[in-house]
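A.B. asks: Next comes upload.txt, compact mmCIF, C-alpha atoms:
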```
# COMPACT_ATOMS: atom_id res chain seq x y z
CA MET S 1 15.66 68.40 8.74
CA SER S 2 16.33 64.70 8.14
CA ALA S 3 17.65 62.20 10.67
CA GLN S 4 21.29 61.14 10.38
CA HIS S 5 22.27 57.48 10.19
CA PRO S 6 22.90 55.77 12.47
CA ILE S 7 20.73 57.68 14.95
CA ARG S 8 22.50 58.15 18.29
CA GLU S 9 21.50 55.73 21.05
CA GLU S 10 20.49 58.55 23.40
CA ASP S 11 18.23 60.13 20.76
CA LEU S 12 16.52 56.77 20.25
CA GLU S 13 15.94 56.54 24.00
CA LEU S 14 14.46 60.06 24.11
CA LEU S 15 12.21 59.17 21.18
CA ALA S 16 11.09 55.98 22.96
CA LEU S 17 10.41 57.99 26.10
CA GLY S 18 8.24 60.34 24.00
CA VAL S 19 9.93 63.60 24.99
CA ILE S 20 10.92 64.51 21.43
CA ASP S 21 8.09 66.14 19.51
CA GLY S 22 7.38 68.06 16.33
CA GLU S 23 9.50 67.85 13.20
CA GLU S 24 12.41 66.12 14.92
CA CYS S 25 10.11 63.31 16.06
CA ARG S 26 8.64 62.88 12.56
CA ASP S 27 12.12 62.78 10.96
CA LEU S 28 13.42 60.17 13.39
CA ARG S 29 10.33 57.98 12.98
CA ALA S 30 10.50 58.23 9.19
CA HIS S 31 14.15 57.15 9.23
CA ILE S 32 13.49 54.24 11.61
CA ALA S 33 10.65 53.04 9.37
CA SER S 34 13.07 52.75 6.45
CA CYS S 35 16.26 51.57 8.19
CA ALA S 36 16.53 48.05 9.65
CA GLU S 37 19.64 48.85 11.71
CA CYS S 38 18.09 51.88 13.41
CA ALA S 39 14.80 49.98 13.84
CA GLY S 40 16.71 47.28 15.75
CA ASN S 41 18.46 49.88 17.90
CA PHE S 42 15.09 51.57 18.54
CA ALA S 43 13.61 48.24 19.73
CA ALA S 44 16.46 47.98 22.27
CA ALA S 45 15.98 51.63 23.32
CA GLN S 46 12.25 50.99 23.84
CA GLY S 47 13.17 48.03 26.05
CA ARG S 48 15.50 50.11 28.24
CA VAL S 49 12.93 52.91 28.57
CA ALA S 50 10.14 50.41 29.36
CA LEU S 51 11.98 49.53 32.57
CA PHE S 52 10.86 52.87 34.00
CA ALA S 53 7.51 51.09 34.41
CA PHE S 54 9.09 49.45 37.45
CA ALA S 55 9.05 52.86 39.14
CA ALA S 56 5.27 52.44 39.54
CA PRO S 57 4.20 51.11 42.96
CA PRO S 58 3.50 47.35 42.65
CA GLN S 59 -0.22 46.60 42.35
CA ASN S 60 -2.22 43.59 41.21
CA PRO S 61 -5.53 43.66 39.31
CA SER S 62 -8.60 42.21 40.97
CA SER S 63 -9.24 38.47 40.63
CA GLY S 64 -12.46 39.44 38.83
CA ALA S 65 -10.42 40.92 35.97
CA ARG S 66 -8.73 37.55 35.39
CA GLU S 67 -12.07 35.74 35.44
CA ARG S 68 -13.62 38.21 32.99
CA LEU S 69 -10.74 37.72 30.57
CA LEU S 70 -11.03 33.93 30.74
CA GLU S 71 -14.80 34.13 30.26
CA LYS S 72 -14.29 36.34 27.23
CA ILE S 73 -11.88 33.92 25.58
CA ARG S 74 -14.14 30.95 26.40
CA ALA S 75 -17.03 32.77 24.76
CA GLU S 76 -14.89 33.45 21.70
CA LYS S 77 -13.79 29.80 21.54
CA ALA S 78 -17.42 28.68 21.80
CA SER S 79 -18.55 31.00 19.01
CA ILE S 80 -15.79 29.73 16.71
CA ALA S 81 -16.66 26.11 17.49
CA LYS S 82 -20.34 26.79 16.83
CA THR S 83 -19.97 28.24 13.34
CA PRO S 84 -18.96 25.04 11.43
CA SER S 85 -21.74 22.95 12.99
CA GLU S 86 -24.31 25.52 11.90
CA LYS S 87 -22.98 25.25 8.34
CA LEU S 88 -23.19 21.47 8.56
CA THR S 89 -26.83 21.63 9.65
CA LEU S 90 -27.74 23.94 6.78
CA SER S 91 -26.00 21.87 4.15
CA ALA S 92 -27.68 18.71 5.44
CA ALA S 93 -31.09 20.34 5.39
CA ARG S 94 -31.13 20.97 1.64
CA PRO S 95 -30.73 17.32 0.53
CA ALA S 96 -33.27 16.27 3.19
CA ILE S 97 -35.92 18.32 1.41
CA ARG S 98 -35.10 16.64 -1.90
CA TRP S 99 -35.29 13.18 -0.29
CA TRP S 100 -38.66 14.06 1.18
CA ASN S 101 -40.01 14.86 -2.24
CA SER S 102 -38.54 11.82 -4.00
CA PHE S 103 -38.84 8.80 -1.68
CA TRP S 104 -41.01 7.19 0.93
CA ILE S 105 -41.56 8.61 4.37
CA PRO S 106 -39.89 5.61 6.13
CA ALA S 107 -36.70 6.15 4.10
CA THR S 108 -36.57 9.74 5.25
CA ALA S 109 -37.10 8.65 8.84
CA ILE S 110 -34.25 6.12 8.58
CA LEU S 111 -32.01 8.81 7.18
CA ALA S 112 -32.94 11.14 10.04
CA ILE S 113 -32.19 8.42 12.61
CA ALA S 114 -28.87 7.68 10.94
CA THR S 115 -28.03 11.38 10.98
CA VAL S 116 -28.81 11.60 14.70
CA LEU S 117 -26.70 8.49 15.42
CA LEU S 118 -23.83 9.91 13.41
CA TRP S 119 -24.16 13.21 15.22
CA ILE S 120 -24.09 11.45 18.62
CA ASN S 121 -21.06 9.45 17.53
CA ASP S 122 -19.40 12.64 16.31
CA ARG S 123 -20.00 14.31 19.68
CA ARG S 124 -18.50 11.31 21.49
CA MET S 125 -15.43 11.44 19.28
CA ASP S 126 -15.11 15.20 19.86
CA ASP S 127 -15.26 14.64 23.62
CA GLN S 128 -12.71 11.85 23.38
CA LEU S 129 -10.41 14.03 21.27
CA GLN S 130 -10.72 16.88 23.75
CA ARG S 131 -9.83 14.57 26.65
CA MET S 132 -6.82 13.28 24.71
CA ARG S 133 -5.68 16.87 24.00
CA GLU S 134 -5.95 17.74 27.68
CA ALA S 135 -4.01 14.62 28.63
CA GLU S 136 -1.35 15.48 26.05
CA GLN S 137 -0.99 18.99 27.46
CA MET S 138 -0.68 17.66 30.99
CA PHE S 139 1.89 15.13 29.84
CA GLU S 140 3.85 17.79 27.95
CA GLY S 141 3.86 20.04 31.02
CA GLU S 142 4.99 17.20 33.27
CA MET S 143 7.77 16.31 30.80
CA GLN S 144 9.03 19.91 30.83
CA HIS S 145 9.00 19.86 34.63
CA GLN S 146 10.93 16.58 34.78
CA ARG S 147 13.45 17.66 32.12
CA ALA S 148 14.21 20.86 34.01
CA LEU S 149 14.58 18.87 37.22
CA VAL S 150 16.93 16.30 35.67
CA SER S 151 19.12 18.96 34.01
CA LEU S 152 19.44 20.81 37.33
CA LEU S 153 20.21 17.72 39.41
CA ALA S 154 22.63 16.31 36.83
CA ALA S 155 24.73 19.48 36.53
CA GLY S 156 28.12 19.12 38.23
CA ASP S 157 27.98 22.59 39.77
CA THR S 158 24.50 22.20 41.34
CA LYS S 159 24.61 22.67 45.10
CA ALA S 160 22.33 21.21 47.77
CA VAL S 161 21.23 22.85 50.99
CA SER S 162 19.18 21.27 53.79
CA LEU S 163 16.66 23.44 55.60
CA SER S 164 15.44 22.55 59.07
CA SER S 165 12.80 23.94 61.35
CA THR S 166 13.56 27.05 63.32
CA GLN S 167 11.60 25.44 66.19
CA LYS S 168 13.48 22.55 67.76
CA ILE S 169 10.37 20.49 68.52
CA SER S 170 9.31 20.31 64.87
CA ASN S 171 10.42 17.73 62.28
CA ASP S 172 9.58 19.93 59.30
CA TRP S 173 12.28 20.01 56.65
CA ALA S 174 13.13 20.99 53.10
CA ARG S 175 15.98 20.37 50.72
CA VAL S 176 17.02 22.90 48.08
CA HIS S 177 19.10 22.29 44.96
CA TYR S 178 20.30 25.37 43.13
CA ASN S 179 22.57 26.30 40.29
CA SER S 180 23.53 29.96 39.92
CA ARG S 181 24.97 29.43 36.47
CA MET S 182 21.72 27.90 35.16
CA GLY S 183 19.60 30.35 37.16
CA MET S 184 17.47 27.52 38.55
CA VAL S 185 16.38 26.37 41.98
CA CYS S 186 14.23 23.40 43.04
CA TYR S 187 13.01 22.34 46.41
CA THR S 188 11.04 19.65 48.16
CA GLY S 189 10.33 18.70 51.74
CA ASP S 190 7.63 18.09 54.29
CA LEU S 191 5.54 20.83 55.85
CA PRO S 192 2.10 20.90 57.49
CA ALA S 193 -0.77 22.94 56.03
CA PRO S 194 -0.19 26.69 56.56
CA PRO S 195 -2.70 28.82 58.52
CA PRO S 196 -5.90 29.84 56.62
CA HIS S 197 -5.37 32.36 53.77
CA LYS S 198 -1.58 31.87 54.00
CA GLU S 199 1.06 30.21 51.84
CA TYR S 200 4.68 29.26 52.33
CA GLU S 201 7.29 31.26 50.42
CA MET S 202 10.88 30.16 49.65
CA TRP S 203 13.58 32.83 49.87
CA ILE S 204 17.07 32.94 48.41
CA VAL S 205 19.26 34.99 50.74
CA PRO S 206 22.13 36.32 48.60
CA MET S 207 25.56 37.28 49.95
CA VAL S 208 24.74 40.85 48.96
CA GLY S 209 21.31 42.48 48.87
CA ASN S 210 17.78 41.62 49.95
CA PRO S 211 16.21 38.15 49.95
CA ILE S 212 14.88 37.07 46.55
CA SER S 213 11.60 35.17 46.28
CA ALA S 214 11.80 31.69 44.74
CA GLY S 215 8.03 31.35 44.72
CA ALA S 216 5.08 30.86 47.03
CA PHE S 217 3.75 27.33 47.38
CA MET S 218 1.29 25.09 49.20
CA PRO S 219 2.37 21.78 50.75
CA ALA S 220 0.39 19.86 48.09
CA SER S 221 2.90 20.93 45.42
CA PHE S 222 5.88 20.38 47.69
CA ASN S 223 5.55 17.35 49.99
CA LYS S 224 5.99 13.66 49.20
CA GLY S 225 8.87 14.02 46.79
CA ARG S 226 7.12 16.47 44.45
CA ALA S 227 9.58 19.29 43.68
CA CYS S 228 8.86 22.95 43.00
CA ILE S 229 11.05 24.52 40.33
CA ALA S 230 11.68 28.23 40.04
CA LYS S 231 14.06 30.52 38.23
CA MET S 232 16.61 32.56 40.11
CA PRO S 233 18.77 35.45 38.91
CA GLU S 234 21.86 34.04 37.20
CA GLY S 235 25.21 34.52 38.93
CA VAL S 236 23.78 35.21 42.39
CA THR S 237 25.98 33.93 45.23
CA CYS S 238 23.65 32.38 47.84
CA LYS S 239 24.34 32.72 51.52
CA SER S 240 21.36 30.73 52.75
CA PHE S 241 17.73 29.78 52.10
CA ALA S 242 14.64 30.28 54.23
CA VAL S 243 10.90 29.53 54.18
CA THR S 244 8.40 31.97 55.67
CA ILE S 245 4.61 32.07 56.00
CA GLU S 246 3.14 34.83 53.81
CA PRO S 247 -0.26 36.01 52.53
CA MET S 248 -1.74 34.07 49.56
CA GLY S 249 0.13 34.90 46.37
CA GLY S 250 3.39 35.66 48.16
CA THR S 251 5.17 38.94 48.77
CA SER S 252 8.23 40.70 47.38
CA ARG S 253 9.93 40.88 50.80
CA PRO S 254 9.68 38.41 53.72
CA THR S 255 7.08 39.66 56.19
CA GLY S 256 5.88 36.55 58.05
CA PRO S 257 7.48 34.16 60.53
CA GLU S 258 10.42 32.06 59.38
CA VAL S 259 9.67 28.33 59.65
CA LEU S 260 12.68 26.76 57.93
CA SER S 261 16.22 27.91 57.29
CA GLY S 262 19.50 26.49 56.16
CA ALA S 263 22.87 27.46 54.79
CA GLU S 264 25.44 25.72 52.63
CA PHE S 265 28.45 24.40 54.57
CA MET O 1 1.33 35.81 40.97
CA ASN O 2 4.26 34.32 42.81
CA ARG O 3 3.39 30.69 42.61
CA ALA O 4 6.08 28.17 41.87
CA GLN O 5 3.69 25.63 40.44
CA GLY O 6 6.18 23.59 38.49
CA THR O 7 5.23 23.36 34.86
CA GLU O 8 3.64 26.74 34.08
CA ASN O 9 6.20 28.53 36.20
CA GLY O 10 9.09 26.93 34.34
CA ALA O 11 7.62 27.27 30.82
CA SER O 12 9.13 30.01 28.68
CA ASP O 13 7.01 32.81 27.24
CA TRP O 14 7.66 31.37 23.80
CA SER O 15 6.38 27.92 24.71
CA LEU O 16 3.28 29.42 26.39
CA LEU O 17 2.63 31.58 23.32
CA GLY O 18 2.86 28.46 21.16
CA ARG O 19 0.10 26.94 23.26
CA VAL O 20 -1.95 30.16 23.04
CA VAL O 21 -1.75 29.85 19.24
CA ARG O 22 -3.31 26.38 19.68
CA LYS O 23 -6.03 28.08 21.78
CA ASP O 24 -4.94 26.69 25.14
CA GLU O 25 -6.54 29.06 27.64
CA SER O 26 -4.42 27.76 30.55
CA ALA O 27 -1.33 29.05 28.71
CA LEU O 28 -2.88 32.50 28.37
CA ALA O 29 -3.80 32.37 32.06
CA ALA O 30 -0.17 31.55 32.88
CA LEU O 31 1.07 34.54 30.85
CA TYR O 32 -1.55 36.70 32.56
CA ASP O 33 -0.41 35.53 36.00
CA ARG O 34 3.18 36.26 35.00
CA TYR O 35 2.76 39.78 33.64
CA SER O 36 -0.63 41.24 34.63
CA GLY O 37 0.81 42.77 37.83
CA LEU O 38 3.50 44.64 35.87
CA VAL O 39 1.09 45.94 33.24
CA TYR O 40 -1.60 46.84 35.76
CA ALA O 41 0.82 48.70 38.08
CA GLU O 42 2.03 50.76 35.12
CA SER O 43 -1.51 51.44 33.84
CA ILE O 44 -2.93 52.43 37.21
CA ARG O 45 0.04 54.74 37.82
CA ILE O 46 -0.74 56.54 34.54
CA LEU O 47 -4.55 56.54 34.62
CA ARG O 48 -5.25 56.43 38.39
CA ASP O 49 -8.49 54.63 37.52
CA THR O 50 -8.83 50.92 38.38
CA GLY O 51 -11.65 50.29 35.90
CA ALA O 52 -9.81 51.88 32.97
CA ALA O 53 -6.55 50.13 33.89
CA GLU O 54 -8.27 46.72 34.04
CA GLU O 55 -9.96 47.41 30.71
CA ILE O 56 -6.60 48.08 29.04
CA LEU O 57 -5.12 44.99 30.70
CA GLN O 58 -7.96 42.87 29.36
CA ASP O 59 -7.73 44.33 25.85
CA LEU O 60 -4.01 43.59 25.64
CA PHE O 61 -4.30 39.98 26.78
CA PHE O 62 -7.32 39.43 24.54
CA GLN O 63 -5.22 40.78 21.65
CA ILE O 64 -2.53 38.21 22.51
CA TRP O 65 -5.23 35.52 22.54
CA ARG O 66 -6.49 36.50 19.09
CA THR O 67 -3.18 37.23 17.35
CA ALA O 68 -0.48 35.26 19.21
CA GLU O 69 0.64 33.67 15.94
CA LYS O 70 1.83 37.08 14.73
CA PHE O 71 4.31 37.47 17.56
CA ASP O 72 7.92 36.91 16.49
CA PRO O 73 10.23 36.29 19.48
CA GLU O 74 13.25 37.13 17.30
CA ARG O 75 12.02 40.72 17.11
CA GLY O 76 11.37 41.37 20.78
CA SER O 77 10.01 40.15 24.08
CA LEU O 78 6.40 39.75 25.16
CA PRO O 79 6.68 41.70 28.46
CA GLY O 80 8.45 44.48 26.56
CA TRP O 81 5.57 44.69 24.09
CA LEU O 82 3.02 44.59 26.92
CA LEU O 83 4.68 47.45 28.83
CA VAL O 84 5.09 49.67 25.75
CA ALA O 85 1.62 48.97 24.36
CA ALA O 86 -0.02 49.52 27.79
CA ARG O 87 1.81 52.81 28.26
CA ASN O 88 0.89 54.03 24.77
CA ARG O 89 -2.79 53.17 25.24
CA CYS O 90 -2.95 54.69 28.72
CA ILE O 91 -1.30 57.94 27.65
CA SER O 92 -3.51 58.10 24.60
CA ARG O 93 -6.54 57.77 26.85
CA LEU O 94 -5.15 60.15 29.46
CA ARG O 95 -4.54 62.86 26.89
CA ARG O 96 -7.81 62.13 25.13
CA ARG O 97 -6.22 61.38 21.81
CA ASP O 98 -8.78 59.97 19.40
CA SER O 99 -6.44 57.78 17.42
CA ARG O 100 -5.49 54.43 18.89
CA PRO O 101 -1.70 53.79 18.87
CA ASN O 102 -0.48 51.30 16.29
CA ASP O 103 0.60 48.51 18.61
CA GLU O 104 -0.14 45.33 16.71
CA LEU O 105 2.11 42.46 17.78
CA THR O 106 3.80 42.62 14.39
CA GLU O 107 4.32 46.39 14.42
CA THR O 108 5.94 47.09 17.78
CA SER O 109 9.31 45.53 18.58
CA VAL O 110 10.67 45.92 22.09
CA VAL O 111 13.87 44.19 23.20
CA LEU O 112 14.19 44.12 26.98
CA PRO O 113 17.75 44.02 28.36
CA CYS O 114 16.74 41.28 30.81
CA ASN O 115 14.51 38.23 31.16
CA LEU O 116 11.37 38.84 33.24
CA GLU O 117 9.88 35.33 33.13
CA SER O 118 10.40 34.65 36.83
CA THR O 119 9.03 36.51 39.83
CA ALA O 120 12.53 36.57 41.30
CA ALA O 121 13.92 38.36 38.23
CA GLN O 122 11.02 40.86 38.30
CA ASN O 123 11.62 41.55 41.99
CA GLN O 124 15.34 42.01 41.44
CA LEU O 125 14.74 44.42 38.56
CA LEU O 126 12.23 46.35 40.66
CA GLY O 127 14.96 46.88 43.25
CA ARG O 128 17.48 48.00 40.65
CA VAL O 129 15.15 50.52 38.99
CA LYS O 130 14.14 51.93 42.37
CA LYS O 131 17.82 52.21 43.30
CA ALA O 132 18.64 54.00 40.03
CA LEU O 133 15.76 56.47 40.42
CA GLY O 134 16.44 56.82 44.14
CA SER O 135 19.94 58.04 43.33
CA LEU O 136 18.44 61.05 41.51
CA PRO O 137 17.49 64.31 43.26
CA ASN O 138 13.71 64.81 43.65
CA GLY O 139 13.41 67.32 40.79
CA GLN O 140 15.13 65.03 38.32
CA ARG O 141 13.03 62.04 39.34
CA GLU O 142 9.87 64.11 38.90
CA VAL O 143 10.91 65.05 35.37
CA VAL O 144 11.36 61.38 34.39
CA GLU O 145 7.99 60.50 35.90
CA LEU O 146 6.28 63.31 33.99
CA ALA O 147 7.83 61.97 30.79
CA TYR O 148 7.15 58.30 31.36
CA PHE O 149 3.86 58.30 33.24
CA GLU O 150 2.21 61.41 31.80
CA GLY O 151 3.66 61.26 28.28
CA MET O 152 4.98 64.85 28.35
CA SER O 153 7.53 66.15 25.87
CA HIS O 154 10.63 68.16 26.79
CA SER O 155 8.86 71.46 26.20
CA GLU O 156 5.70 70.41 28.09
CA ILE O 157 7.80 69.38 31.10
CA ALA O 158 9.66 72.70 31.00
CA GLY O 159 6.28 74.48 30.94
CA ARG O 160 4.93 72.42 33.84
CA THR O 161 8.00 72.59 36.13
CA GLY O 162 9.31 76.02 35.17
CA ALA O 163 12.79 74.53 34.61
CA PRO O 164 14.73 75.70 31.53
CA LEU O 165 14.38 73.41 28.49
CA GLY O 166 18.11 72.59 28.47
CA THR O 167 17.98 71.57 32.13
CA VAL O 168 15.03 69.29 31.49
CA LYS O 169 16.93 67.58 28.66
CA THR O 170 20.01 67.14 30.86
CA TRP O 171 17.99 65.69 33.75
CA ILE O 172 16.31 63.15 31.50
CA ARG O 173 19.63 62.05 30.02
CA THR O 174 21.06 61.76 33.55
CA ALA O 175 18.16 59.53 34.57
CA MET O 176 18.62 57.29 31.51
CA ASP O 177 22.34 57.01 32.29
CA ALA O 178 21.61 56.13 35.92
CA LEU O 179 19.23 53.39 34.80
CA LYS O 180 21.72 51.97 32.30
CA ARG O 181 24.52 52.03 34.89
CA GLU O 182 22.36 50.10 37.32
CA LEU O 183 21.49 47.47 34.70
CA THR O 184 25.02 46.82 33.45
```
Go ahead and express the file in the form of structure tokens.
C.D. replies:
Amino acid sequence: MSAQHPIREEDLELLALGVIDGEECRDLRAHIASCAECAGNFAAAQGRVALFAFAAPPQNPSSGARERLLEKIRAEKASIAKTPSEKLTLSAARPAIRWWNSFWIPATAILAIATVLLWINDRRMDDQLQRMREAEQMFEGEMQHQRALVSLLAAGDTKAVSLSSTQKISNDWARVHYNSRMGMVCYTGDLPAPPPHKEYEMWIVPMVGNPISAGAFMPASFNKGRACIAKMPEGVTCKSFAVTIEPMGGTSRPTGPEVLSGAEF
Amino acid sequence: MNRAQGTENGASDWSLLGRVVRKDESALAALYDRYSGLVYAESIRILRDTGAAEEILQDLFFQIWRTAEKFDPERGSLPGWLLVAARNRCISRLRRRDSRPNDELTETSVVLPCNLESTAAQNQLLGRVKKALGSLPNGQREVVELAYFEGMSHSEIAGRTGAPLGTVKTWIRTAMDALKRELT
């Protein structure tokens, strides 16, 4: 049996799900391998099927897993960086032997000193270059942050909402700017440090449905005019905004006490 | 991770991948923070073994580190590739298949119907998928979970559940339709 063209969308989904086996599976895969149109449709079917992953209960890996990954890539980076310098040392060693045989001992010593000085200078330049790269990355990141902020604040349909403390004696505040069309929200304000092992979390309360997280944050990234930017689902109609105290890393639903709230008037 | 820490949080997958190509480990860490929870939840649901799930998670992100330049955003999305590659590797391990699935970044294209770059979008999608599956009777939901999380074929599911093959096929199509309805 050979697969017909174009393969039906539902058959592509069943193939992506892995429930088709045997000859039928082989035929479909052979056709997809040779047909760009069906390959494109199969990529979309794989994407729809992959969303079943969201049926798994949410779980996060241990923080040790993240550290191990970063250590592994640092080790790989170090081994790559080491290889050229080893080659350099070997290639420099061969002429040194020839010099030793042909000229005076002091000349060899001068050459060795010069090599060491050049090596030290090279290391300094490497360090300087690395610092410049890091500064460039920080600058690039900051530029992206500022661009996103400017585009949000400059848009004519961006709305602003003021959030005030739910306790009358407190002067804590926040101000939110959001744009449903652009799917962006930014916020700034003034809040004290949260309790130990806790963070603040900003919530978008839509007209319909459950609150949507707009990110967990610490006051250091929020106070004194520094704005947090987050994405929000496009087209959501917001009823209000709220800030709660949540465990480190945030949660998918508000669980802690509400400290700020505000609605658009 | 749900942090709204300005720059990394706002950067697109494509811009972070560009930095990974230039061997910027903070960009890989940002991608890890963005998607490790999704991949790990899927892997642990299939394997039910934290060590094995973390190993697969690490292998996938290390593969991105080594071969990020091969990824073509025109052909699919990074979280789509991560979810499909993780599932394939977990099922392969679960069913003790010797051969490793062909899931190079250049070989597997997965186009997700939505953008998952923000925590808010991921949370919203989580709600929608749960709603779609929640609308199915228990038996039908079980069939989809056997297919997705245990990698069973139509005939294997029929053998496991005792339901007729035709019924199994109908239930799976119904589940796919429910998911599509919820996402459109």
A.B. asks: Could you pull the residues within 10 Å of Leu136 in chain O, counting only C-alpha atoms, minus those fewer than 4 positions along the same chain, as a ChimeraX atom specification?
C.D. replies: /O:131-132,140-142,171,174-175,178
A.B. asks: Need to verify the contact set: Leu57 in chain O, 7 Å, all atoms listed in the file, exclusion of same-chain residues closer than 4 positions in sequence. Can you return it as a PDB file with C-alpha atoms, in the coordinates of the input?
C.D. replies:
```pdb
ATOM      1  CA  VAL O  39       1.090  45.940  33.240  1.00  0.00           C
ATOM      2  CA  TYR O  40      -1.600  46.840  35.760  1.00  0.00           C
ATOM      3  CA  ALA O  53      -6.550  50.130  33.890  1.00  0.00           C
ATOM      4  CA  PHE O  61      -4.300  39.980  26.780  1.00  0.00           C
TER       5      PHE O  61
END
```
A.B. asks: What's the 10 Å shell around range 84-93 of chain O, counting all atoms listed in the file, without same-chain residues fewer than 5 positions away, as a PyMOL selection string?
C.D. replies: (chain S and resi 16-18+46-47+49-51+53) or (chain O and resi 39-40+42-47+52-53+56-57+59-60+79+98-105+108-110+148-152)
A.B. asks: What lies within 12 Å of Ser62 in chain S using only C-alpha atoms, ignoring chain neighbours under 2 positions off, as an NGL selection string?
C.D. replies: (:S and (59-60 or 64-69)) or (:O and (1 or 33 or 36-37 or 40-41 or 50-51 or 53-55 or 57-58))
A.B. asks: Measure the distance from CA of Glu142 in chain S to CA of Ser15 in chain O in Å and round it to one decimal.
C.D. replies: 13.8 Å
A.B. asks: What is the CA of Arg131 in chain S-CA of Ala27 in chain O distance in Å, reported with one decimal?
C.D. replies: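 So the two atoms, CA of Arg131 in chain S and CA of Ala27 in chain O, lie 16.9 Å apart.
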A.B. asks: Could you list, as a count of residues only, every residue within 12 Å of Ser151 in chain S, counting all atoms listed in the file and ignoring same-chain residues fewer than 6 positions away?
C.D. replies: 13
A.B. asks: Can you measure CA of Ser261 in chain S to CA of Glu201 in chain S for me? One decimal in Å is fine.
C.D. replies: 11.8 Å
A.B. asks: Rank S:Asp21, S:Asp190, S:Asp11, S:Glu258 by their smallest atom-to-atom distance to chain O, using all atoms listed in the file, and report the top residue only.
C.D. replies: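 Nearest candidate to chain O out of S:Asp21, S:Asp190, S:Asp11, S:Glu258: S:Asp21.
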A.B. asks: Given only C-alpha atoms as the basis, pick out the residue of S:Ser162, S:Ser79, S:Ser240, S:Asn210 nearest to chain O.
C.D. replies: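 Of S:Ser162, S:Ser79, S:Ser240, S:Asn210, the one nearest chain O, counting only C-alpha atoms, is S:Asn210.
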A.B. asks: Restricting the calculation to all atoms listed in the file, which member of O:Arg160, O:Arg128, O:Lys169, O:Arg22 is positioned closest to Leu146 in chain O?
C.D. replies: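 Once distances to Leu146 in chain O are computed over all atoms listed in the file, the minimum belongs to O:Arg160.
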A.B. asks: Would you mind telling me which residue in S:Arg175, S:His197, S:Lys231, S:Lys168 lies nearest to Pro247 in chain S when using only C-alpha atoms?
C.D. replies: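 The shortest atom-to-atom distance to Pro247 in chain S comes from S:His197.
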A.B. asks: Given only C-alpha atoms as the basis, pick out the residue of S:Ala193, S:Ala30, S:Ile105, S:Ala148 nearest to chain O.
C.D. replies: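 Comparing S:Ala193, S:Ala30, S:Ile105, S:Ala148 against chain O, the winner is S:Ala148.
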A.B. asks: Could you check the closest approach to Trp65 in chain O for each of O:Leu94, O:Leu183, O:Leu78, O:Val20 and tell me which residue wins, using only C-alpha atoms?
C.D. replies: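 Distance minimum relative to Trp65 in chain O lands on O:Val20.
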A.B. asks: Can range 5-16 of chain S be brought up to N, CA and C atoms and written out as a PDB file, keeping the file's coordinate frame?
C.D. replies:
```pdb
ATOM      1  N   HIS S   5      22.165  58.933   9.956  1.00  0.00           N
ATOM      2  CA  HIS S   5      22.270  57.480  10.190  1.00  0.00           C
ATOM      3  C   HIS S   5      23.706  57.146  10.619  1.00  0.00           C
ATOM      4  N   PRO S   6      23.939  56.295  11.605  1.00  0.00           N
ATOM      5  CA  PRO S   6      22.900  55.770  12.470  1.00  0.00           C
ATOM      6  C   PRO S   6      22.474  56.807  13.514  1.00  0.00           C
ATOM      7  N   ILE S   7      21.214  56.731  13.934  1.00  0.00           N
ATOM      8  CA  ILE S   7      20.730  57.680  14.950  1.00  0.00           C
ATOM      9  C   ILE S   7      21.405  57.350  16.283  1.00  0.00           C
ATOM     10  N   ARG S   8      21.804  58.379  17.022  1.00  0.00           N
ATOM     11  CA  ARG S   8      22.500  58.150  18.290  1.00  0.00           C
ATOM     12  C   ARG S   8      21.592  57.404  19.282  1.00  0.00           C
ATOM     13  N   GLU S   9      22.239  56.544  20.070  1.00  0.00           N
ATOM     14  CA  GLU S   9      21.500  55.730  21.050  1.00  0.00           C
ATOM     15  C   GLU S   9      20.648  56.611  21.960  1.00  0.00           C
ATOM     16  N   GLU S  10      21.230  57.719  22.436  1.00  0.00           N
ATOM     17  CA  GLU S  10      20.490  58.550  23.400  1.00  0.00           C
ATOM     18  C   GLU S  10      19.290  59.232  22.741  1.00  0.00           C
ATOM     19  N   ASP S  11      19.403  59.537  21.437  1.00  0.00           N
ATOM     20  CA  ASP S  11      18.230  60.130  20.760  1.00  0.00           C
ATOM     21  C   ASP S  11      17.118  59.091  20.608  1.00  0.00           C
ATOM     22  N   LEU S  12      17.525  57.841  20.356  1.00  0.00           N
ATOM     23  CA  LEU S  12      16.520  56.770  20.250  1.00  0.00           C
ATOM     24  C   LEU S  12      15.800  56.588  21.586  1.00  0.00           C
ATOM     25  N   GLU S  13      16.556  56.691  22.675  1.00  0.00           N
ATOM     26  CA  GLU S  13      15.940  56.540  24.000  1.00  0.00           C
ATOM     27  C   GLU S  13      14.963  57.686  24.276  1.00  0.00           C
ATOM     28  N   LEU S  14      15.346  58.906  23.880  1.00  0.00           N
ATOM     29  CA  LEU S  14      14.460  60.060  24.110  1.00  0.00           C
ATOM     30  C   LEU S  14      13.199  59.923  23.255  1.00  0.00           C
ATOM     31  N   LEU S  15      13.375  59.393  22.038  1.00  0.00           N
ATOM     32  CA  LEU S  15      12.210  59.170  21.180  1.00  0.00           C
ATOM     33  C   LEU S  15      11.286  58.118  21.805  1.00  0.00           C
ATOM     34  N   ALA S  16      11.890  57.041  22.316  1.00  0.00           N
ATOM     35  CA  ALA S  16      11.090  55.980  22.960  1.00  0.00           C
ATOM     36  C   ALA S  16      10.374  56.527  24.190  1.00  0.00           C
TER      37      ALA S  16
END
```
